[in-house]
file structure-v8.txt (compact mmCIF, C-alpha atoms)
# COMPACT_ATOMS: atom_id res chain seq x y z
CA MET A 1 -22.52 76.49 -31.85
CA THR A 2 -22.65 73.00 -33.24
CA PHE A 3 -24.77 70.03 -32.43
CA ALA A 4 -23.60 66.45 -32.78
CA ASP A 5 -25.26 64.25 -35.39
CA PRO A 6 -27.81 61.86 -33.86
CA GLU A 7 -26.58 58.35 -33.25
CA GLY A 8 -28.14 55.84 -35.58
CA TYR A 9 -29.01 52.24 -34.89
CA ASP A 10 -30.60 49.25 -36.61
CA ASP A 11 -33.48 47.39 -35.02
CA GLU A 12 -33.37 44.52 -37.48
CA ARG A 13 -31.78 41.25 -36.46
CA ALA A 14 -30.10 39.17 -39.16
CA ARG A 15 -31.95 35.93 -39.69
CA PRO A 16 -30.97 32.96 -41.87
CA ARG A 17 -33.24 32.48 -44.87
CA PRO A 18 -33.57 29.59 -47.27
CA LEU A 19 -31.18 29.68 -50.17
CA GLY A 20 -32.53 29.75 -53.67
CA ARG A 21 -34.61 32.05 -55.85
CA ARG A 22 -37.80 33.63 -54.57
CA THR A 23 -41.02 33.06 -56.42
CA ARG A 24 -42.66 36.02 -58.15
CA SER A 25 -45.41 36.17 -55.51
CA GLN A 26 -42.84 36.19 -52.74
CA ALA A 27 -40.94 39.02 -54.40
CA VAL A 28 -44.10 41.09 -54.85
CA ALA A 29 -45.14 40.52 -51.25
CA ALA A 30 -41.71 41.48 -50.01
CA ALA A 31 -41.75 44.68 -52.07
CA VAL A 32 -45.18 45.66 -50.73
CA CYS A 33 -44.05 45.06 -47.16
CA LEU A 34 -40.94 47.14 -47.75
CA VAL A 35 -42.95 50.08 -49.09
CA LEU A 36 -45.51 49.89 -46.29
CA GLY A 37 -42.79 49.53 -43.68
CA ALA A 38 -40.90 52.53 -45.03
CA GLY A 39 -44.10 54.57 -45.06
CA LEU A 40 -44.92 53.68 -41.47
CA LEU A 41 -41.38 54.44 -40.35
CA THR A 42 -41.37 57.81 -42.15
CA GLY A 43 -44.74 58.67 -40.67
CA ALA A 44 -43.58 57.81 -37.17
CA VAL A 45 -40.41 59.89 -37.47
CA THR A 46 -42.25 62.82 -39.05
CA GLY A 47 -44.84 62.68 -36.29
CA SER A 48 -42.05 62.85 -33.74
CA TRP A 49 -40.62 65.99 -35.39
CA LEU A 50 -44.01 67.66 -35.64
CA ALA A 51 -44.81 66.88 -32.02
CA ASP A 52 -41.33 68.07 -31.01
CA ASP A 53 -40.84 64.94 -28.91
CA PRO A 54 -37.62 62.97 -28.61
CA GLY A 55 -37.46 60.46 -31.43
CA ASP A 56 -36.35 56.86 -31.18
CA ASP A 57 -32.76 57.99 -31.70
CA GLY A 58 -32.90 60.01 -28.47
CA ARG A 59 -32.50 63.38 -30.19
CA PRO A 60 -33.91 66.09 -27.90
CA GLY A 61 -36.69 68.43 -29.01
CA THR A 62 -36.57 72.20 -28.99
CA PHE A 63 -37.48 72.42 -25.30
CA ALA A 64 -34.51 70.31 -24.21
CA ALA A 65 -32.18 71.89 -26.77
CA ALA A 66 -33.00 75.37 -25.49
CA GLY A 67 -32.19 74.27 -21.97
CA GLU A 68 -28.66 73.32 -23.03
CA LEU A 69 -27.80 76.63 -24.66
CA TRP A 70 -26.29 78.20 -21.54
CA HIS A 71 -23.19 76.04 -21.96
CA SER A 72 -23.28 75.20 -25.68
CA ALA A 73 -23.95 78.56 -27.38
CA PRO A 74 -21.31 81.31 -27.69
CA VAL A 75 -22.20 84.42 -25.75
CA ASP A 76 -22.41 86.48 -28.95
CA ASP A 77 -25.15 84.17 -30.22
CA LEU A 78 -27.35 84.86 -27.20
CA PHE A 79 -26.26 88.42 -26.42
CA PRO A 80 -24.93 89.98 -29.65
CA PRO A 81 -22.52 92.93 -29.39
CA THR A 82 -25.12 95.01 -31.26
CA VAL A 83 -28.87 94.44 -31.36
CA ASP A 84 -31.01 95.99 -34.09
CA GLY A 85 -34.32 97.20 -32.71
CA ARG A 86 -36.10 98.15 -35.90
CA GLY A 87 -39.47 99.63 -34.94
CA ALA A 88 -38.88 98.92 -31.25
CA GLY A 89 -39.03 102.50 -29.98
CA PRO A 90 -42.00 104.74 -29.20
CA GLY A 91 -44.15 105.31 -32.24
CA GLY A 92 -42.32 102.58 -34.14
CA ALA A 93 -38.99 104.39 -34.06
CA ASP A 94 -35.88 102.32 -34.64
CA ARG A 95 -33.52 101.43 -31.83
CA THR A 96 -29.96 100.12 -31.72
CA TRP A 97 -28.46 98.70 -28.56
CA THR A 98 -24.78 98.13 -27.86
CA ARG A 99 -23.58 95.61 -25.32
CA ILE A 100 -21.35 97.14 -22.65
CA ALA A 101 -21.01 94.25 -20.19
CA VAL A 102 -21.58 90.51 -19.87
CA ALA A 103 -21.89 88.99 -16.42
CA PRO A 104 -20.11 85.73 -15.64
CA ASP A 105 -22.62 82.90 -15.79
CA SER A 106 -23.80 82.21 -12.28
CA GLY A 107 -26.52 81.00 -10.01
CA CYS A 108 -29.55 83.09 -9.10
CA ALA A 109 -28.87 83.99 -5.48
CA HIS A 110 -28.13 87.68 -6.02
CA ALA A 111 -29.94 88.41 -9.29
CA PHE A 112 -33.48 88.92 -7.98
CA ASP A 113 -35.22 90.61 -5.12
CA PRO A 114 -36.34 88.09 -2.46
CA LEU A 115 -39.99 87.95 -3.49
CA LEU A 116 -39.20 87.42 -7.17
CA ARG A 117 -36.66 84.76 -6.25
CA GLU A 118 -39.36 83.04 -4.21
CA ALA A 119 -41.86 83.26 -7.07
CA LEU A 120 -39.38 81.67 -9.50
CA ALA A 121 -38.17 79.02 -7.04
CA PRO A 122 -40.57 76.24 -8.19
CA ALA A 123 -38.79 76.15 -11.55
CA GLY A 124 -35.32 75.89 -10.04
CA CYS A 125 -32.18 77.61 -11.27
CA ALA A 126 -29.75 75.74 -13.51
CA ARG A 127 -27.84 78.83 -14.69
CA LEU A 128 -28.27 82.56 -15.14
CA LEU A 129 -26.84 84.57 -18.04
CA ARG A 130 -26.99 88.39 -18.13
CA ALA A 131 -25.77 91.25 -20.25
CA THR A 132 -26.19 95.02 -20.06
CA TYR A 133 -26.73 97.26 -23.08
CA THR A 134 -26.98 100.96 -23.78
CA ASP A 135 -28.93 102.75 -26.49
CA ALA A 136 -27.39 104.73 -29.35
CA THR A 137 -27.58 108.01 -27.38
CA ARG A 138 -25.99 106.38 -24.32
CA SER A 139 -28.86 107.83 -22.27
CA HIS A 140 -30.31 104.51 -21.11
CA VAL A 141 -28.98 101.22 -19.79
CA THR A 142 -30.81 97.90 -19.87
CA THR A 143 -29.93 94.54 -18.37
CA VAL A 144 -31.39 91.51 -20.12
CA GLY A 145 -31.25 88.08 -18.52
CA LEU A 146 -31.86 84.42 -19.35
CA LEU A 147 -32.70 82.25 -16.37
CA PHE A 148 -32.27 78.61 -17.39
CA THR A 149 -34.48 76.58 -15.08
CA LYS A 150 -34.55 72.91 -14.04
CA ALA A 151 -38.25 72.60 -14.83
CA ASP A 152 -39.99 70.42 -17.39
CA ALA A 153 -42.63 71.68 -19.82
CA ALA A 154 -45.51 71.09 -17.42
CA ALA A 155 -43.80 73.00 -14.62
CA MET A 156 -42.97 75.92 -16.93
CA THR A 157 -46.59 76.06 -18.08
CA ALA A 158 -47.78 76.06 -14.47
CA LEU A 159 -45.36 78.87 -13.60
CA ALA A 160 -46.41 80.92 -16.62
CA ASP A 161 -50.07 80.45 -15.70
CA ARG A 162 -49.38 81.61 -12.16
CA PHE A 163 -47.52 84.71 -13.35
CA ALA A 164 -50.43 85.59 -15.65
CA ARG A 165 -53.18 84.77 -13.16
CA GLN A 166 -51.63 86.69 -10.27
CA ASP A 167 -50.11 89.52 -12.35
CA LEU A 168 -46.69 88.77 -10.91
CA GLY A 169 -44.91 90.29 -13.89
CA VAL A 170 -46.18 93.80 -13.15
CA ARG A 171 -45.62 94.03 -9.40
CA THR A 172 -42.96 96.53 -8.34
CA ASP A 173 -41.85 94.22 -5.52
CA LEU A 174 -41.04 91.52 -8.10
CA MET A 175 -38.61 93.42 -10.31
CA PRO A 176 -35.36 91.75 -11.44
CA LEU A 177 -32.11 93.40 -10.46
CA PRO A 178 -29.80 95.02 -13.03
CA TYR A 179 -26.22 94.00 -13.73
CA ALA A 180 -24.17 97.07 -12.83
CA ALA A 181 -20.72 96.33 -14.24
CA GLU A 182 -17.88 98.39 -12.83
CA HIS A 183 -16.04 100.82 -15.09
CA THR A 184 -18.92 100.93 -17.57
CA LEU A 185 -21.79 103.26 -18.31
CA ALA A 186 -23.94 101.00 -16.12
CA ALA A 187 -21.73 101.23 -13.02
CA GLY A 188 -24.41 103.22 -11.17
CA PHE A 189 -27.31 101.08 -12.36
CA GLY A 190 -28.57 99.68 -9.08
CA ALA A 191 -31.84 98.67 -7.47
CA HIS A 192 -32.99 102.28 -6.97
CA GLN A 193 -32.31 103.14 -10.61
CA ARG A 194 -34.76 100.57 -12.04
CA ALA A 195 -37.32 102.37 -14.19
CA SER A 196 -39.09 99.71 -16.26
CA TRP A 197 -38.99 95.94 -16.59
CA THR A 198 -40.51 92.84 -18.13
CA VAL A 199 -40.48 89.18 -17.08
CA SER A 200 -41.54 86.43 -19.48
CA VAL A 201 -41.89 82.79 -18.42
CA LEU A 202 -41.55 80.69 -21.56
CA THR A 203 -43.54 77.49 -21.99
CA ASP A 204 -41.67 76.14 -25.04
CA ALA A 205 -38.27 76.33 -23.32
CA PRO A 206 -37.06 75.97 -19.71
CA VAL A 207 -36.14 79.65 -19.65
CA VAL A 208 -37.35 82.87 -18.05
CA VAL A 209 -36.46 85.96 -20.10
CA TYR A 210 -36.36 89.33 -18.37
CA ALA A 211 -35.08 92.85 -18.85
CA VAL A 212 -34.85 95.93 -16.64
CA SER A 213 -34.01 99.44 -17.81
CA GLY A 214 -33.01 102.79 -16.33
CA TRP A 215 -31.24 106.08 -17.04
CA ALA A 216 -27.50 105.96 -17.60
CA ASP A 217 -26.88 108.97 -15.36
CA GLY A 218 -27.71 106.97 -12.25
CA ARG A 219 -30.83 108.90 -11.27
CA GLU A 220 -33.15 107.23 -8.80
CA VAL A 221 -36.66 106.33 -9.91
CA GLY A 222 -39.47 106.70 -7.40
CA ASP A 223 -42.24 105.20 -9.53
CA PRO A 224 -41.03 102.43 -11.84
CA GLN A 225 -43.48 101.07 -14.39
CA PRO A 226 -43.79 97.64 -15.99
CA ALA A 227 -42.94 97.79 -19.68
CA ALA A 228 -46.49 97.05 -20.81
CA ALA A 229 -47.81 100.09 -18.93
CA ALA A 230 -44.95 102.38 -19.93
CA MET A 231 -45.43 101.50 -23.60
CA ARG A 232 -49.07 102.58 -23.74
CA ALA A 233 -49.70 105.43 -26.14
CA ASP A 234 -51.46 107.47 -23.45
CA ALA A 235 -48.76 106.96 -20.80
CA THR A 236 -47.39 110.30 -19.57
CA THR A 237 -44.90 109.40 -16.84
CA ASP A 238 -41.22 110.30 -17.19
CA VAL A 239 -40.43 106.61 -17.59
CA ALA A 240 -42.90 106.26 -20.42
CA GLN A 241 -41.94 109.50 -22.14
CA ALA A 242 -38.28 108.47 -22.10
CA GLY A 243 -39.15 105.20 -23.83
CA LEU A 244 -37.72 103.06 -21.05
CA GLY A 245 -40.57 100.57 -21.33
CA HIS A 246 -39.67 100.12 -25.00
CA GLU A 247 -36.01 99.66 -24.04
CA ALA A 248 -36.80 96.77 -21.69
CA GLN A 249 -39.42 95.08 -23.85
CA GLY A 250 -37.55 95.58 -27.13
CA LEU A 251 -34.34 93.99 -25.88
CA ALA A 252 -36.13 91.14 -24.10
CA ASP A 253 -38.10 90.29 -27.24
CA ARG A 254 -35.00 90.16 -29.45
CA VAL A 255 -32.96 88.11 -27.03
CA GLU A 256 -35.88 85.69 -26.73
CA ARG A 257 -35.99 85.33 -30.53
CA ARG A 258 -32.29 84.58 -30.63
CA LEU A 259 -32.74 81.94 -27.95
CA ARG A 260 -35.32 80.15 -30.09
CA LYS A 261 -33.25 80.55 -33.23
CA ASN A 262 -30.24 78.95 -31.55
CA ALA A 263 -32.34 76.02 -30.35
CA GLU A 264 -33.79 75.24 -33.78
CA PRO A 265 -30.86 73.32 -35.38
CA ALA A 266 -31.13 70.57 -32.78
CA THR A 267 -34.54 69.57 -34.15
CA GLU A 268 -33.78 69.75 -37.86
CA GLN A 269 -33.50 66.54 -39.86
CA PRO A 270 -29.91 65.80 -40.84
CA SER A 271 -29.40 66.11 -44.59
call {"tool": "encode", "arguments": {"input": "structure-v8.txt", "output": "structure tokens"}}
result
Amino acid sequence: MTFADPEGYDDERARPRPLGRRTRSQAVAAAVCLVLGAGLLTGAVTGSWLADDPGDDGRPGTFAAAGELWHSAPVDDLFPPTVDGRGAGPGGADRTWTRIAVAPDSGCAHAFDPLLREALAPAGCARLLRATYTDATRSHVTTVGLLFTKADAAAMTALADRFARQDLGVRTDLMPLPYAAEHTLAAGFGAHQRASWTVSVLTDAPVVVYAVSGWADGREVGDPQPAAAAMRADATTDVAQAGLGHEAQGLADRVERRLRKNAEPATEQPS
């Protein structure tokens, strides 16, 4: 993925000046003004970078850059063929996930149950990217998704606050749907096979990151658990004991990190 160099411009307007040699006092005054002007300009630009706001050259900050990744970043940058989950399993065990399917980028109409779709509606849906992975033993399958919204930072913060305040991320009637690709290990991974899930509304990017996991053998799950509950050390359900909460949370966390990493170059100062 590449980002174009920011367009430069010059605010100064050429003005005629008297011909002839400057006096020493004029030269000194000009030099002082030049130094002060450069310092103020540097401070203003640096402040723009630190605040992550668009600068005078119109370069977008990380928030806007992240929102463009659905069409500017190669799929392997967002959903790598192999994901290293060092320490991501129960008890800090390592995990490795292999991608088995990537869904065509799409809208959100068929990716969520109705109530979850309604809960996410205030943010809008610009694009949805999804991929399904399996673990090294090929016992589990996990779909991880990136919902790119149409919302600004304030709207994303409001949505995140609502999810936290109303515990929307842990309700079983608000689970995301898996991507069950035909002719893969996840072909039987449907709504009734969902075992654990996580939904994260980001506030530093117009993106909702989610993951949903289940068994690869297509067994139905009568009591799915949110990842946070299934990952508790004292959890004793089949979902928890199988590590399916760790599968969902581990993959979601790593895909979220890659999203941020891919957005970073857009805010770096050109060398």
call {"tool": "atom_distance", "arguments": {"input": "structure-v8.txt", "atom1": "atom CA of Leu120 of chain A", "atom2": "atom CA of Asp253 of chain A"}}
result
19.8 Å
call {"tool": "atom_distance", "arguments": {"input": "structure-v8.txt", "atom1": "atom CA of Ala151 of chain A", "atom2": "atom CA of Pro122 of chain A"}}
result
7.9 Å
call {"tool": "closest_residue", "arguments": {"input": "structure-v8.txt", "among": "A:Glu247, A:Asp234, A:Glu256, A:Asp173", "to": "Leu202 of chain A", "atoms": "only C-alpha atoms"}}
result
A:Glu256
call {"tool": "residues_around", "arguments": {"input": "structure-v8.txt", "residues": "Gly214 of chain A", "least_positions_apart": "2", "cutoff": "7 Å", "atoms": "all atoms listed in the file", "output": "number ranges by chain"}}
result
A: 140-142, 193-196, 216, 244
call {"tool": "axis_aligned_box", "arguments": {"input": "structure-v8.txt", "around": "segment 171-179 of chain A", "padding_each_side": "6 Å", "output": "lines of an AutoDock Vina configuration file"}}
result
center_x = -35.9
center_y = 94.0
center_z = -9.6
size_x = 31.4
size_y = 17.0
size_z = 20.2
call {"tool": "closest_residue", "arguments": {"input": "structure-v8.txt", "among": "A:Val83, A:Val239, A:Ala186, A:Ala230", "to": "Gly218 of chain A", "atoms": "only C-alpha atoms"}}
result
A:Ala186
call {"tool": "decode", "arguments": {"input": "structure-v8.txt", "residues": "segment 66-77 of chain A", "atoms": "all heavy atoms", "output": "short mmCIF file (atom, residue, chain, number, x, y, z; two decimals), in the first residue's frame"}}
result
data_model
loop_
_atom_site.label_atom_id
_atom_site.label_comp_id
_atom_site.auth_asym_id
_atom_site.auth_seq_id
_atom_site.Cartn_x
_atom_site.Cartn_y
_atom_site.Cartn_z
N ALA A 66 -7.31 5.57 8.21
CA ALA A 66 -7.82 4.23 8.51
C ALA A 66 -9.11 3.97 7.75
O ALA A 66 -9.36 2.85 7.29
CB ALA A 66 -8.05 4.08 10.01
N GLY A 67 -9.93 5.00 7.60
CA GLY A 67 -11.19 4.83 6.90
C GLY A 67 -11.05 4.55 5.42
O GLY A 67 -12.00 4.08 4.78
N GLU A 68 -9.86 4.84 4.86
CA GLU A 68 -9.62 4.60 3.44
C GLU A 68 -9.01 3.24 3.15
O GLU A 68 -8.86 2.86 1.99
CB GLU A 68 -8.69 5.70 2.90
CG GLU A 68 -9.26 7.10 2.97
CD GLU A 68 -10.50 7.27 2.11
OE1 GLU A 68 -10.50 6.76 0.98
OE2 GLU A 68 -11.48 7.87 2.59
N LEU A 69 -8.65 2.50 4.18
CA LEU A 69 -7.89 1.27 3.97
C LEU A 69 -8.67 0.19 3.24
O LEU A 69 -8.06 -0.70 2.64
CB LEU A 69 -7.40 0.73 5.32
CG LEU A 69 -6.29 1.55 5.99
CD1 LEU A 69 -5.95 0.96 7.36
CD2 LEU A 69 -5.04 1.60 5.12
N TRP A 70 -9.98 0.23 3.29
CA TRP A 70 -10.75 -0.86 2.66
C TRP A 70 -10.51 -0.91 1.16
O TRP A 70 -10.65 -1.99 0.55
CB TRP A 70 -12.23 -0.73 2.98
CG TRP A 70 -12.93 0.43 2.35
CD1 TRP A 70 -13.16 1.65 2.92
CD2 TRP A 70 -13.53 0.49 1.05
NE1 TRP A 70 -13.85 2.46 2.06
CE2 TRP A 70 -14.09 1.77 0.90
CE3 TRP A 70 -13.65 -0.43 0.01
CZ2 TRP A 70 -14.76 2.17 -0.25
CZ3 TRP A 70 -14.32 -0.04 -1.15
CH2 TRP A 70 -14.86 1.24 -1.27
N HIS A 71 -10.14 0.22 0.55
CA HIS A 71 -9.88 0.17 -0.89
C HIS A 71 -8.43 0.48 -1.25
O HIS A 71 -8.06 0.39 -2.42
CB HIS A 71 -10.81 1.11 -1.66
CG HIS A 71 -10.65 2.56 -1.30
ND1 HIS A 71 -9.60 3.33 -1.71
CD2 HIS A 71 -11.44 3.38 -0.56
CE1 HIS A 71 -9.74 4.57 -1.25
NE2 HIS A 71 -10.84 4.62 -0.54
N SER A 72 -7.60 0.83 -0.25
CA SER A 72 -6.22 1.17 -0.57
C SER A 72 -5.20 0.14 -0.09
O SER A 72 -4.07 0.11 -0.58
CB SER A 72 -5.86 2.54 0.02
OG SER A 72 -5.93 2.50 1.44
N ALA A 73 -5.57 -0.72 0.85
CA ALA A 73 -4.63 -1.69 1.41
C ALA A 73 -4.85 -3.07 0.79
O ALA A 73 -6.00 -3.51 0.66
CB ALA A 73 -4.80 -1.78 2.92
N PRO A 74 -3.79 -3.76 0.40
CA PRO A 74 -3.93 -5.14 -0.08
C PRO A 74 -4.55 -6.03 0.99
O PRO A 74 -4.35 -5.81 2.19
CB PRO A 74 -2.49 -5.57 -0.38
CG PRO A 74 -1.74 -4.29 -0.55
CD PRO A 74 -2.39 -3.30 0.37
N VAL A 75 -5.30 -7.01 0.57
CA VAL A 75 -5.99 -7.87 1.52
C VAL A 75 -5.01 -8.55 2.48
O VAL A 75 -5.31 -8.73 3.66
CB VAL A 75 -6.85 -8.93 0.78
CG1 VAL A 75 -5.99 -9.89 -0.01
CG2 VAL A 75 -7.73 -9.68 1.77
N ASP A 76 -3.82 -8.91 1.99
CA ASP A 76 -2.85 -9.58 2.85
C ASP A 76 -2.32 -8.67 3.96
O ASP A 76 -1.80 -9.15 4.97
CB ASP A 76 -1.66 -10.11 2.03
CG ASP A 76 -2.03 -11.32 1.20
OD1 ASP A 76 -3.16 -11.83 1.35
OD2 ASP A 76 -1.19 -11.77 0.40
N ASP A 77 -2.43 -7.35 3.77
CA ASP A 77 -1.99 -6.43 4.81
C ASP A 77 -2.99 -6.37 5.96
O ASP A 77 -2.62 -6.13 7.10
CB ASP A 77 -1.79 -5.03 4.23
CG ASP A 77 -0.52 -4.92 3.40
OD1 ASP A 77 0.24 -5.90 3.34
OD2 ASP A 77 -0.30 -3.84 2.80
#
